[in-house]
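Single-structure report; data block below.
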Amino acid sequence: MSEKIIALVDGSIYSASVCDHAGWIAARTGAPVELLHVLGRREGAATKDRSGTIALGARTALLNELAVLDEQRAKLMMARGRAILEDAATKLESAGVSGVTTRLRSGDIVETVAEVERDARVIVIGKRGEAADFATGHLGSNLERILRSSHKPVLVASRAFRPIEKVLVAFDGGTSAFKAVDHIARSPVFAGLSVHVVTVGNETAQVQKGLENAQATLRAAGITAETSVLPGQPDAALSQLVEKAGFDMIVMGAYGHSRIRSLIIGSTTTAMIRACKVPLLLMR
């Protein structure tokens, strides 16, 4: 069986886009989709005892009432999770995707993804979670944590899906950048797409050699690839290019060539995710 596409759905406004992007990959690869919804520990945790020095009888009654409320809340969250998964599965199946499965789990989302990603070809997640409309300048906390820990490619879905024809590869000559190029060359997802490999910085002999190697790898796989070097700061230059040239997806390494030890994920990566309105495929 093909490796699975794991799509993380949380009921946010990004969930529909996550399904659309997962469905697009499934259509191009034939891979099955597994929809995953994770109930956080707080959603099933017992309420903290704040009864203080209430008299014994009243305290016992209060604790019993809180326990009942906790149980009811946990049941509601489970029902909500199942409804989110059912809606997502219906959306994918209506789009013609076969082999859709669902999984409802409780616990930490990063630990859950680590358990299931062994059989995954890619993990699809929304840029932001359920607070998307109230925290537009911030990335979802789960997204950042998954990017730090996942060993599989992570596709960060944009707010809305659009057909993908032009792909921009942000190439800095680092290990993860070469991994990104190799992934594109090997994956049927990119067959027939237009690919442009771009480095931001000075056009040195080393930079040019790296771009030529990337281009040769892609062309050997039958992928039309162009290369260029842009001046300026990576996040600003690449964001402007995406808008100006109408790219539909960005592929890049999650970490830069000169990673700063104090940063958890590359600063350029973070800025690109925040600024760009297209999906990003990130390679570790």
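Identifiers in the structure tokens: chain A, B, ... in order shown; residue index from 1 per chain; ligand index from 1 in order shown.
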Distance query Ile146 (chain A) at most 9 Å, only C-alpha atoms, self and fewer than 6 positions along chain excluded, as JSON, numbers by chain: {"A": [109, 110, 113, 114, 154]}
Where does region 90-156 of chain A meet region 164-182 of chain A within 12 Å, residue by residue, with the nearest atom pair and distance in Å to one decimal for each, counting only C-alpha atoms, listed by chain and rising number, as CSV?
residue,atom,partner,partner_atom,distance
A:His151,CA,A:Ser176,CA,11.5
A:Lys152,CA,A:Lys179,CA,11.3
A:Pro153,CA,A:Ala180,CA,8.9
A:Val154,CA,A:Ala180,CA,11.3
With C-alpha atoms retained, could you export that selection as a compact mmCIF listing (two decimals), in the first residue's frame?
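Dumped to result36.txt:
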# COMPACT_ATOMS: atom_id res chain seq x y z
CA HIS A 151 10.82 13.80 10.15
CA LYS A 152 8.45 13.76 7.18
CA PRO A 153 7.63 16.57 4.73
CA VAL A 154 5.03 18.96 6.14
Residues flagged strand (DSSP E or B) by DSSP in region 61-265 of chain A, as a PyMOL selection string: chain A and resi 101-106+120-126+154-157+166-170+194-200+225-230+249-253
Quick one: write out the picked residues with C-alpha atoms as an mmCIF file, in the first residue's frame?
data_model
loop_
_atom_site.group_PDB
_atom_site.id
_atom_site.type_symbol
_atom_site.label_atom_id
_atom_site.label_comp_id
_atom_site.auth_asym_id
_atom_site.auth_seq_id
_atom_site.Cartn_x
_atom_site.Cartn_y
_atom_site.Cartn_z
ATOM 1 C CA THR A 101 -9.826 6.724 6.849
ATOM 2 C CA THR A 102 -10.314 8.646 10.077
ATOM 3 C CA ARG A 103 -8.613 8.522 13.427
ATOM 4 C CA LEU A 104 -9.677 10.228 16.654
ATOM 5 C CA ARG A 105 -7.018 10.336 19.331
ATOM 6 C CA SER A 106 -6.572 11.899 22.760
ATOM 7 C CA ALA A 120 3.203 8.863 6.067
ATOM 8 C CA ARG A 121 4.517 10.387 2.857
ATOM 9 C CA VAL A 122 3.459 13.884 3.949
ATOM 10 C CA ILE A 123 1.681 15.627 6.806
ATOM 11 C CA VAL A 124 -0.840 18.326 5.899
ATOM 12 C CA ILE A 125 -1.690 20.969 8.471
ATOM 13 C CA GLY A 126 -3.279 24.418 8.428
ATOM 14 C CA VAL A 154 5.035 18.964 6.136
ATOM 15 C CA LEU A 155 2.639 20.783 3.821
ATOM 16 C CA VAL A 156 1.375 23.977 5.425
ATOM 17 C CA ALA A 157 -1.992 24.614 3.790
ATOM 18 C CA LYS A 166 3.846 26.855 -10.692
ATOM 19 C CA VAL A 167 6.207 25.867 -7.879
ATOM 20 C CA LEU A 168 8.918 28.038 -6.355
ATOM 21 C CA VAL A 169 11.838 26.257 -4.684
ATOM 22 C CA ALA A 170 13.660 28.430 -2.152
ATOM 23 C CA SER A 194 6.602 24.298 -13.745
ATOM 24 C CA VAL A 195 9.432 24.599 -11.197
ATOM 25 C CA HIS A 196 11.635 27.624 -10.555
ATOM 26 C CA VAL A 197 14.645 27.247 -8.224
ATOM 27 C CA VAL A 198 15.671 30.535 -6.632
ATOM 28 C CA THR A 199 18.536 31.592 -4.393
ATOM 29 C CA VAL A 200 18.499 34.949 -2.634
ATOM 30 C CA ALA A 225 13.168 23.774 -14.129
ATOM 31 C CA GLU A 226 14.502 27.311 -14.319
ATOM 32 C CA THR A 227 16.948 28.958 -11.915
ATOM 33 C CA SER A 228 17.707 32.487 -10.815
ATOM 34 C CA VAL A 229 19.467 34.516 -8.129
ATOM 35 C CA LEU A 230 17.715 37.450 -6.468
ATOM 36 C CA MET A 249 3.340 26.703 -3.961
ATOM 37 C CA ILE A 250 6.682 27.135 -2.225
ATOM 38 C CA VAL A 251 9.019 24.256 -1.421
ATOM 39 C CA MET A 252 11.864 24.903 0.996
ATOM 40 C CA GLY A 253 13.895 23.509 3.838
#
Picked from region 65-276 of chain A by DSSP as alpha helix (DSSP H), as JSON, numbers by chain: {"A": [65, 66, 67, 68, 69, 70, 71, 72, 73, 74, 75, 76, 77, 78, 79, 80, 81, 82, 83, 84, 85, 86, 87, 88, 89, 90, 91, 92, 93, 94, 109, 110, 111, 112, 113, 114, 115, 116, 141, 142, 143, 144, 145, 146, 147, 148, 149, 175, 176, 177, 178, 179, 180, 181, 182, 183, 184, 185, 186, 205, 206, 207, 208, 209, 210, 211, 212, 213, 214, 215, 216, 217, 218, 219, 220, 234, 235, 236, 237, 238, 239, 240, 241, 242, 243, 244, 245, 267, 268, 269, 270, 271, 272, 273, 274, 275]}
Save out the residues we just selected, C-alpha atoms, as a JSON list (two decimals), in the first residue's frame.
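Output (out_20.json):
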[["chain", "number", "residue", "atom", "x", "y", "z"],
["A", 65, "GLU", "CA", -20.91, 17.99, 40.31],
["A", 66, "LEU", "CA", -17.61, 19.00, 38.71],
["A", 67, "ALA", "CA", -16.84, 15.36, 37.91],
["A", 68, "VAL", "CA", -20.20, 15.01, 36.15],
["A", 69, "LEU", "CA", -19.56, 18.20, 34.17],
["A", 70, "ASP", "CA", -16.11, 16.97, 33.19],
["A", 71, "GLU", "CA", -17.56, 13.71, 31.94],
["A", 72, "GLN", "CA", -20.22, 15.52, 29.94],
["A", 73, "ARG", "CA", -17.65, 17.88, 28.44],
["A", 74, "ALA", "CA", -15.37, 15.00, 27.47],
["A", 75, "LYS", "CA", -18.30, 13.26, 25.73],
["A", 76, "LEU", "CA", -19.18, 16.45, 23.87],
["A", 77, "MET", "CA", -15.59, 16.92, 22.71],
["A", 78, "MET", "CA", -15.47, 13.33, 21.49],
["A", 79, "ALA", "CA", -18.72, 13.83, 19.59],
["A", 80, "ARG", "CA", -17.40, 17.07, 18.12],
["A", 81, "GLY", "CA", -14.19, 15.34, 17.05],
["A", 82, "ARG", "CA", -16.12, 12.56, 15.32],
["A", 83, "ALA", "CA", -18.30, 15.14, 13.55],
["A", 84, "ILE", "CA", -15.22, 17.04, 12.31],
["A", 85, "LEU", "CA", -13.75, 13.81, 10.94],
["A", 86, "GLU", "CA", -17.02, 12.75, 9.31],
["A", 87, "ASP", "CA", -17.40, 16.13, 7.59],
["A", 88, "ALA", "CA", -13.81, 16.03, 6.36],
["A", 89, "ALA", "CA", -14.19, 12.47, 5.06],
["A", 90, "THR", "CA", -17.38, 13.41, 3.22],
["A", 91, "LYS", "CA", -15.61, 16.37, 1.61],
["A", 92, "LEU", "CA", -12.75, 14.20, 0.35],
["A", 93, "GLU", "CA", -14.98, 11.38, -0.85],
["A", 94, "SER", "CA", -17.21, 13.88, -2.68],
["A", 109, "ILE", "CA", -0.67, 16.25, 19.11],
["A", 110, "VAL", "CA", 3.10, 16.11, 18.58],
["A", 111, "GLU", "CA", 3.38, 12.76, 20.32],
["A", 112, "THR", "CA", 0.45, 11.47, 18.26],
["A", 113, "VAL", "CA", 1.96, 12.64, 14.97],
["A", 114, "ALA", "CA", 5.27, 11.04, 15.94],
["A", 115, "GLU", "CA", 3.46, 7.72, 16.42],
["A", 116, "VAL", "CA", 1.66, 7.75, 13.08],
["A", 141, "SER", "CA", 1.34, 26.66, 18.13],
["A", 142, "ASN", "CA", 0.72, 23.09, 16.97],
["A", 143, "LEU", "CA", 2.18, 23.89, 13.56],
["A", 144, "GLU", "CA", 5.41, 25.19, 15.07],
["A", 145, "ARG", "CA", 5.74, 22.18, 17.35],
["A", 146, "ILE", "CA", 5.14, 19.72, 14.51],
["A", 147, "LEU", "CA", 7.67, 21.48, 12.28],
["A", 148, "ARG", "CA", 10.28, 21.11, 15.01],
["A", 149, "SER", "CA", 9.70, 17.41, 15.52],
["A", 175, "THR", "CA", 21.15, 20.01, 3.24],
["A", 176, "SER", "CA", 17.41, 20.50, 3.56],
["A", 177, "ALA", "CA", 17.34, 22.48, 0.29],
["A", 178, "PHE", "CA", 18.96, 19.59, -1.59],
["A", 179, "LYS", "CA", 16.49, 17.23, 0.11],
["A", 180, "ALA", "CA", 13.67, 19.40, -1.19],
["A", 181, "VAL", "CA", 14.99, 19.20, -4.75],
["A", 182, "ASP", "CA", 15.46, 15.44, -4.49],
["A", 183, "HIS", "CA", 11.93, 15.06, -3.13],
["A", 184, "ILE", "CA", 10.48, 17.01, -6.05],
["A", 185, "ALA", "CA", 12.44, 14.89, -8.52],
["A", 186, "ARG", "CA", 11.17, 11.63, -7.02],
["A", 205, "ALA", "CA", 30.45, 30.50, -8.27],
["A", 206, "GLN", "CA", 29.34, 28.23, -5.42],
["A", 207, "VAL", "CA", 25.76, 29.48, -5.61],
["A", 208, "GLN", "CA", 25.68, 28.99, -9.37],
["A", 209, "LYS", "CA", 27.06, 25.47, -9.06],
["A", 210, "GLY", "CA", 24.42, 24.57, -6.50],
["A", 211, "LEU", "CA", 21.65, 25.87, -8.76],
["A", 212, "GLU", "CA", 23.05, 23.97, -11.74],
["A", 213, "ASN", "CA", 23.12, 20.75, -9.73],
["A", 214, "ALA", "CA", 19.53, 21.31, -8.59],
["A", 215, "GLN", "CA", 18.42, 22.02, -12.14],
["A", 216, "ALA", "CA", 20.18, 18.92, -13.47],
["A", 217, "THR", "CA", 18.53, 16.72, -10.82],
["A", 218, "LEU", "CA", 15.08, 18.01, -11.74],
["A", 219, "ARG", "CA", 15.59, 17.83, -15.50],
["A", 220, "ALA", "CA", 16.84, 14.26, -15.20],
["A", 234, "PRO", "CA", 15.20, 36.02, 1.56],
["A", 235, "ASP", "CA", 11.73, 36.42, 3.10],
["A", 236, "ALA", "CA", 10.98, 39.77, 1.44],
["A", 237, "ALA", "CA", 12.46, 38.86, -1.96],
["A", 238, "LEU", "CA", 10.74, 35.49, -2.14],
["A", 239, "SER", "CA", 7.37, 36.81, -0.93],
["A", 240, "GLN", "CA", 7.45, 39.53, -3.59],
["A", 241, "LEU", "CA", 8.37, 37.01, -6.28],
["A", 242, "VAL", "CA", 5.50, 34.72, -5.31],
["A", 243, "GLU", "CA", 3.01, 37.56, -5.65],
["A", 244, "LYS", "CA", 4.51, 39.08, -8.80],
["A", 245, "ALA", "CA", 5.04, 35.87, -10.76],
["A", 267, "SER", "CA", 13.78, 32.62, 10.73],
["A", 268, "THR", "CA", 13.27, 32.77, 6.96],
["A", 269, "THR", "CA", 10.94, 29.78, 7.15],
["A", 270, "THR", "CA", 8.85, 31.41, 9.87],
["A", 271, "ALA", "CA", 8.65, 34.70, 7.98],
["A", 272, "MET", "CA", 7.67, 32.92, 4.76],
["A", 273, "ILE", "CA", 4.88, 30.95, 6.42],
["A", 274, "ARG", "CA", 3.50, 34.13, 7.95],
["A", 275, "ALA", "CA", 3.75, 36.28, 4.82]]
